[in-house]
Amino acid sequence: MFSKLTLLVTLVMAIVFVSTAFGQTYSPMAPPQVMWRWTADCLVDGSPAIVYNCPITISSHPFYYTNAHLHSYPYPPTSTLYCINSYQCASPYYGQTIYANTSNVGFVPFNVCGSLVGQAEYLANTGTAGSTYSDYAIGYTDLHYNDHPEIWVRIGGSETGGGTNHGSTYYNRYMTSNAAYGLYYATYQYLLNNPGITHLCTNDMALPFGGKFDICNAPGLCTNPVTYAPWASPHSQHDRGTAADVAGTASQQCTNAGGSGVKVAEFISACVDHGAYQQYSLNESNHAHCGFSIPSWPH
Amino acid sequence: MKRVVRWLLPMLLAIYAPAQVLDTPPVPIWPGGSEVPSHDGHYVFLTKDRHTLVVLAPEDPDSGIKGPKKIVRVPLWNDLKGSVTVALTEKAGLLTYHYSVANGTGASDEIGKWTLNVPPNDPSLRVVNPGSGGSRWWSGSRAFVTIAKQEIFPEFPLGRYLAWFYRDDHAISPGKTLDGFGLESSFLPGLTTAWFSSGKLVELDQSWPQEIFRDLDRFYEDRRWREPCTGTIAPMFAPDTPEEVIVRQFRYGLQQMAEAGFLSPSAPFVKEALAVLESWNRSQSAEPRVIRARPETGIEKEVAAALGMTLKIRCPE
């Protein structure tokens, strides 16, 4: 069972913890696309034990509506499990569910690789004596809430008419500290150069724990087969908390919210002077997209 | 009382400092034609004139980099013949750097942004914007972070970008000059880098595959490939900067300027200026140093002026 789990993140870090409760948690958290090792035991009288030749089924599942993903259909992808000893598992040895046997080892070691979606998940371990569950999450732990009401108006949330099914504007504004500083200073430079403008409109940055910031279910987008991409790109460069959108002069949402749209080329220029990458800072018609880091791949 | 520094009289001639010759492009040169060529794993090319990127992008975004490709031309808007001239005036210990920016007749794009690299720690710095009747034609300000590399002078410490951006229809067309840019500072003049840009966005598509962006990363690593630059004079030295630091920076800076083609290494003024700077530590003297060769070009006159102001080197006018 998972009552005694060893979490070996790829970075030499080992965390041993006990988890028996069933409920979403954001700890432990592993980054998307990072693989770490767990072990599964058999359950005997409610406790984990070394048991030989014990069949178990291990599967990963999402907690719905976590990390500001307020949509659940189609179902979100979850972490992929990889059986380490192929002789302990039925082919194909990997997937969201693996069928294993503790064999002569007495337990089943396996790897977990986080999907691109930041969310709370759990592992279910089902054997003849019942099931146990272990909670964890996929996401980044270095993202911070990034709002400065003295210079920014928040848009892009449900209350401003720009919702992407990720809730209010409180949920789309998380960034790494370096990128947040860059955006903050770029804003000040833009304001210095444009007397009379006091507030710009900041739109999507990243979700609270990052990961896939899909824009499916946004009004007008989900009906479009090209942009209907739940749990996937487009919008991929908002996965890591190193990019932000700032509304341009064409944004009615910004005007309605009480801010001023930017001249996109000039604002991106200010971003680049504060550390954004020119090649990842893009004109997206009604907004400037400033990318302060080479984005994570794959998207 | 405002005093015009005699040896820093405004330069009458706008001398075009030739764009630095960059030898090997970070991406291959586009062979031309309208068919997708054999590309050997390269997806981003540069046209021979260096003003357009040619991207081999997937015809179908879902097919990724392996599928059929189409040719996407991305204008860099960098066909600029930018030059900057500077003159200095002094008033009550504060220097004013008067800049004039020109775009040569051979250009086909407008200059809509130009940038200086300035030191991070100049509390006295104030930006002067060109304009008329209370309206700004351009707006300038200094960035807050210290990340600006001196591409012409790679050994100089990192600085801060100080950029002016055009307003309305005041971009500088080919063949035009705009003055009225300025900096006020107590810092003494030294060599720095100036970049010229159209102020237009280079339109890339974020849905392109990673392989294309890897090539773009290589191209964008050196700013000189997308924005022409030149060497110029700006407030670079705090008033209490040790003399040897100033000498070292000028010596290195002039060598770099000559290597990059902004100064002629065979010009008598350049040769003598370098000789004076080379022998600086060996010839301790209470008397001002003298360069007897007359500065001929605009940039030589500006360097002479800066040397006079910072190191009290006398040059013929």
# chains A, B, ... in the order shown; residues from 1 in each chain; ligands from 1
>>> closest_atom_pairs(of="chain B", to="chain A", cutoff="8 Å", atoms="only C-alpha atoms", output="JSON lines")
{"residue": "B:Ser139", "atom": "CA", "partner": "A:Asn193", "partner_atom": "CA", "distance": 5.2}
{"residue": "B:Gly140", "atom": "CA", "partner": "A:Asn193", "partner_atom": "CA", "distance": 6.2}
{"residue": "B:Ser141", "atom": "CA", "partner": "A:Gln189", "partner_atom": "CA", "distance": 6.6}
{"residue": "B:Arg142", "atom": "CA", "partner": "A:Gln189", "partner_atom": "CA", "distance": 7.4}
{"residue": "B:Ala143", "atom": "CA", "partner": "A:Asp273", "partner_atom": "CA", "distance": 6.4}
{"residue": "B:Phe144", "atom": "CA", "partner": "A:Tyr185", "partner_atom": "CA", "distance": 6.3}
{"residue": "B:Val145", "atom": "CA", "partner": "A:His274", "partner_atom": "CA", "distance": 6.0}
{"residue": "B:Ile147", "atom": "CA", "partner": "A:Gly275", "partner_atom": "CA", "distance": 7.1}
{"residue": "B:Ala148", "atom": "CA", "partner": "A:Asp273", "partner_atom": "CA", "distance": 7.8}
{"residue": "B:Tyr161", "atom": "CA", "partner": "A:Asp273", "partner_atom": "CA", "distance": 6.1}
{"residue": "B:Phe165", "atom": "CA", "partner": "A:Glu266", "partner_atom": "CA", "distance": 7.2}
{"residue": "B:Gly199", "atom": "CA", "partner": "A:Ala265", "partner_atom": "CA", "distance": 6.6}
{"residue": "B:Lys200", "atom": "CA", "partner": "A:Ala265", "partner_atom": "CA", "distance": 5.8}
{"residue": "B:Leu201", "atom": "CA", "partner": "A:Ala265", "partner_atom": "CA", "distance": 5.4}
{"residue": "B:Glu203", "atom": "CA", "partner": "A:Asn283", "partner_atom": "CA", "distance": 6.7}
{"residue": "B:Leu204", "atom": "CA", "partner": "A:Leu282", "partner_atom": "CA", "distance": 6.6}
{"residue": "B:Asp205", "atom": "CA", "partner": "A:Leu282", "partner_atom": "CA", "distance": 7.6}
{"residue": "B:Gln206", "atom": "CA", "partner": "A:Tyr280", "partner_atom": "CA", "distance": 7.3}
{"residue": "B:Ser207", "atom": "CA", "partner": "A:Pro234", "partner_atom": "CA", "distance": 7.1}
{"residue": "B:Gln210", "atom": "CA", "partner": "A:Trp297", "partner_atom": "CA", "distance": 7.2}
{"residue": "B:Phe213", "atom": "CA", "partner": "A:Gln279", "partner_atom": "CA", "distance": 7.8}
{"residue": "B:Leu216", "atom": "CA", "partner": "A:Gln279", "partner_atom": "CA", "distance": 6.8}
{"residue": "B:Asp217", "atom": "CA", "partner": "A:Gln279", "partner_atom": "CA", "distance": 7.1}
{"residue": "B:Tyr220", "atom": "CA", "partner": "A:Gln279", "partner_atom": "CA", "distance": 7.0}
>>> write_last_selection(atoms="N, CA and C atoms", output="JSON list (two decimals), in the first residue's frame")
[["chain", "number", "residue", "atom", "x", "y", "z"],
["B", 139, "SER", "N", 9.35, 59.68, -26.38],
["B", 139, "SER", "CA", 9.45, 59.59, -24.92],
["B", 139, "SER", "C", 10.59, 58.66, -24.57],
["B", 140, "GLY", "N", 11.40, 59.09, -23.61],
["B", 140, "GLY", "CA", 12.51, 58.24, -23.21],
["B", 140, "GLY", "C", 12.53, 58.01, -21.71],
["B", 141, "SER", "N", 13.02, 56.88, -21.31],
["B", 141, "SER", "CA", 13.20, 56.60, -19.89],
["B", 141, "SER", "C", 14.21, 55.48, -19.74],
["B", 142, "ARG", "N", 14.73, 55.41, -18.55],
["B", 142, "ARG", "CA", 15.76, 54.41, -18.25],
["B", 142, "ARG", "C", 15.11, 53.19, -17.62],
["B", 143, "ALA", "N", 15.53, 52.01, -18.06],
["B", 143, "ALA", "CA", 15.01, 50.78, -17.45],
["B", 143, "ALA", "C", 15.49, 50.68, -16.00],
["B", 144, "PHE", "N", 14.80, 49.85, -15.24],
["B", 144, "PHE", "CA", 15.10, 49.74, -13.82],
["B", 144, "PHE", "C", 16.10, 48.62, -13.51],
["B", 145, "VAL", "N", 16.28, 47.73, -14.44],
["B", 145, "VAL", "CA", 17.13, 46.57, -14.16],
["B", 145, "VAL", "C", 18.45, 46.69, -14.91],
["B", 147, "ILE", "N", 20.73, 44.89, -16.95],
["B", 147, "ILE", "CA", 20.92, 43.67, -17.76],
["B", 147, "ILE", "C", 21.52, 43.99, -19.13],
["B", 148, "ALA", "N", 21.78, 45.26, -19.40],
["B", 148, "ALA", "CA", 22.17, 45.64, -20.76],
["B", 148, "ALA", "C", 23.63, 45.29, -21.03],
["B", 161, "TYR", "N", 19.31, 49.78, -19.96],
["B", 161, "TYR", "CA", 18.84, 50.34, -21.22],
["B", 161, "TYR", "C", 18.17, 51.67, -20.95],
["B", 165, "PHE", "N", 11.21, 56.11, -27.45],
["B", 165, "PHE", "CA", 10.24, 55.48, -28.35],
["B", 165, "PHE", "C", 9.43, 56.60, -28.98],
["B", 199, "GLY", "N", 10.98, 50.12, -33.85],
["B", 199, "GLY", "CA", 9.88, 50.23, -32.89],
["B", 199, "GLY", "C", 8.67, 49.41, -33.29],
["B", 200, "LYS", "N", 8.84, 48.63, -34.37],
["B", 200, "LYS", "CA", 7.75, 47.74, -34.79],
["B", 200, "LYS", "C", 8.03, 46.34, -34.26],
["B", 201, "LEU", "N", 6.97, 45.59, -34.10],
["B", 201, "LEU", "CA", 7.15, 44.22, -33.64],
["B", 201, "LEU", "C", 7.56, 43.31, -34.78],
["B", 203, "GLU", "N", 6.91, 39.88, -36.00],
["B", 203, "GLU", "CA", 5.76, 39.02, -35.72],
["B", 203, "GLU", "C", 6.11, 37.54, -35.81],
["B", 204, "LEU", "N", 6.24, 36.91, -34.69],
["B", 204, "LEU", "CA", 6.46, 35.47, -34.64],
["B", 204, "LEU", "C", 5.18, 34.78, -34.17],
["B", 205, "ASP", "N", 5.14, 33.48, -34.38],
["B", 205, "ASP", "CA", 3.92, 32.74, -34.06],
["B", 205, "ASP", "C", 4.23, 31.76, -32.93],
["B", 206, "GLN", "N", 3.58, 31.95, -31.79],
["B", 206, "GLN", "CA", 3.94, 31.12, -30.64],
["B", 206, "GLN", "C", 3.51, 29.67, -30.81],
["B", 207, "SER", "N", 2.75, 29.37, -31.85],
["B", 207, "SER", "CA", 2.35, 27.97, -32.05],
["B", 207, "SER", "C", 3.41, 27.19, -32.81],
["B", 210, "GLN", "N", 8.99, 23.68, -31.17],
["B", 210, "GLN", "CA", 10.19, 24.02, -30.41],
["B", 210, "GLN", "C", 11.42, 24.12, -31.31],
["B", 213, "PHE", "N", 11.82, 27.51, -32.58],
["B", 213, "PHE", "CA", 12.24, 28.47, -31.55],
["B", 213, "PHE", "C", 13.69, 28.25, -31.12],
["B", 216, "LEU", "N", 15.45, 30.27, -33.50],
["B", 216, "LEU", "CA", 15.21, 31.68, -33.19],
["B", 216, "LEU", "C", 16.02, 32.11, -31.96],
["B", 217, "ASP", "N", 16.14, 31.21, -30.99],
["B", 217, "ASP", "CA", 16.96, 31.54, -29.81],
["B", 217, "ASP", "C", 18.38, 31.89, -30.23],
["B", 220, "TYR", "N", 18.40, 35.33, -31.88],
["B", 220, "TYR", "CA", 18.12, 36.47, -31.00],
["B", 220, "TYR", "C", 19.17, 36.66, -29.91]]
>>> residues_around(residues="His170 in chain B", least_positions_apart="4", cutoff="10 Å", atoms="only C-alpha atoms", output="count of residues only")
11
>>> atom_distance(atom1="CA of Ala179 in chain A", atom2="CA of Ser260 in chain A")
21.6 Å
>>> residues_around(residues="Val27 in chain B", least_positions_apart="5", cutoff="7 Å", atoms="only C-alpha atoms", output="MDAnalysis selection string")
chainID B and resid 44:46 215 219
>>> closest_residue(among="A:Gln24, A:Thr128, A:Asn111, A:Gln88", to="Cys42 in chain A", atoms="only C-alpha atoms")
A:Thr128
>>> decode(residues="range 261-284 of chain B", atoms="N, CA and C atoms", output="JSON list (two decimals), in the first residue's frame")
[["chain", "number", "residue", "atom", "x", "y", "z"],
["B", 261, "GLY", "N", 35.00, 48.80, -36.76],
["B", 261, "GLY", "CA", 34.85, 49.64, -37.94],
["B", 261, "GLY", "C", 34.21, 50.99, -37.70],
["B", 262, "PHE", "N", 33.97, 51.32, -36.46],
["B", 262, "PHE", "CA", 33.39, 52.64, -36.16],
["B", 262, "PHE", "C", 34.47, 53.72, -36.17],
["B", 263, "LEU", "N", 35.70, 53.32, -35.95],
["B", 263, "LEU", "CA", 36.84, 54.22, -36.06],
["B", 263, "LEU", "C", 37.85, 53.56, -36.98],
["B", 264, "SER", "N", 38.61, 54.39, -37.68],
["B", 264, "SER", "CA", 39.65, 53.84, -38.55],
["B", 264, "SER", "C", 40.93, 53.66, -37.73],
["B", 265, "PRO", "N", 41.42, 52.43, -37.63],
["B", 265, "PRO", "CA", 42.64, 52.23, -36.84],
["B", 265, "PRO", "C", 43.86, 52.94, -37.41],
["B", 266, "SER", "N", 43.78, 53.30, -38.70],
["B", 266, "SER", "CA", 44.94, 53.98, -39.30],
["B", 266, "SER", "C", 44.80, 55.49, -39.25],
["B", 267, "ALA", "N", 43.71, 56.00, -38.75],
["B", 267, "ALA", "CA", 43.53, 57.45, -38.67],
["B", 267, "ALA", "C", 44.54, 58.02, -37.67],
["B", 268, "PRO", "N", 45.20, 59.11, -38.04],
["B", 268, "PRO", "CA", 46.22, 59.67, -37.13],
["B", 268, "PRO", "C", 45.68, 59.97, -35.73],
["B", 269, "PHE", "N", 44.47, 60.49, -35.66],
["B", 269, "PHE", "CA", 43.93, 60.81, -34.34],
["B", 269, "PHE", "C", 43.76, 59.53, -33.50],
["B", 270, "VAL", "N", 43.23, 58.50, -34.12],
["B", 270, "VAL", "CA", 42.98, 57.25, -33.39],
["B", 270, "VAL", "C", 44.30, 56.65, -32.92],
["B", 271, "LYS", "N", 45.28, 56.62, -33.82],
["B", 271, "LYS", "CA", 46.56, 56.04, -33.45],
["B", 271, "LYS", "C", 47.20, 56.81, -32.29],
["B", 272, "GLU", "N", 47.13, 58.12, -32.36],
["B", 272, "GLU", "CA", 47.78, 58.91, -31.32],
["B", 272, "GLU", "C", 47.01, 58.82, -30.00],
["B", 273, "ALA", "N", 45.67, 58.80, -30.11],
["B", 273, "ALA", "CA", 44.87, 58.68, -28.89],
["B", 273, "ALA", "C", 45.19, 57.36, -28.18],
["B", 274, "LEU", "N", 45.28, 56.29, -28.95],
["B", 274, "LEU", "CA", 45.60, 55.00, -28.34],
["B", 274, "LEU", "C", 47.01, 55.02, -27.74],
["B", 275, "ALA", "N", 47.94, 55.68, -28.42],
["B", 275, "ALA", "CA", 49.31, 55.75, -27.90],
["B", 275, "ALA", "C", 49.34, 56.52, -26.58],
["B", 276, "VAL", "N", 48.61, 57.61, -26.51],
["B", 276, "VAL", "CA", 48.57, 58.39, -25.27],
["B", 276, "VAL", "C", 47.98, 57.55, -24.13],
["B", 277, "LEU", "N", 46.94, 56.84, -24.45],
["B", 277, "LEU", "CA", 46.29, 56.03, -23.40],
["B", 277, "LEU", "C", 47.17, 54.85, -22.99],
["B", 278, "GLU", "N", 47.89, 54.27, -23.97],
["B", 278, "GLU", "CA", 48.79, 53.15, -23.66],
["B", 278, "GLU", "C", 49.91, 53.59, -22.72],
["B", 279, "SER", "N", 50.39, 54.80, -22.92],
["B", 279, "SER", "CA", 51.56, 55.24, -22.14],
["B", 279, "SER", "C", 51.14, 55.99, -20.88],
["B", 280, "TRP", "N", 49.86, 55.95, -20.57],
["B", 280, "TRP", "CA", 49.35, 56.79, -19.48],
["B", 280, "TRP", "C", 50.08, 56.53, -18.16],
["B", 281, "ASN", "N", 50.21, 55.29, -17.79],
["B", 281, "ASN", "CA", 50.79, 54.97, -16.49],
["B", 281, "ASN", "C", 52.30, 55.19, -16.45],
["B", 282, "ARG", "N", 52.93, 55.18, -17.64],
["B", 282, "ARG", "CA", 54.38, 55.34, -17.68],
["B", 282, "ARG", "C", 54.79, 56.80, -17.72],
["B", 283, "SER", "N", 53.85, 57.67, -17.94],
["B", 283, "SER", "CA", 54.22, 59.08, -18.11],
["B", 283, "SER", "C", 53.42, 59.95, -17.14],
["B", 284, "GLN", "N", 53.70, 59.70, -15.85],
["B", 284, "GLN", "CA", 53.05, 60.52, -14.84],
["B", 284, "GLN", "C", 53.45, 61.98, -15.08]]
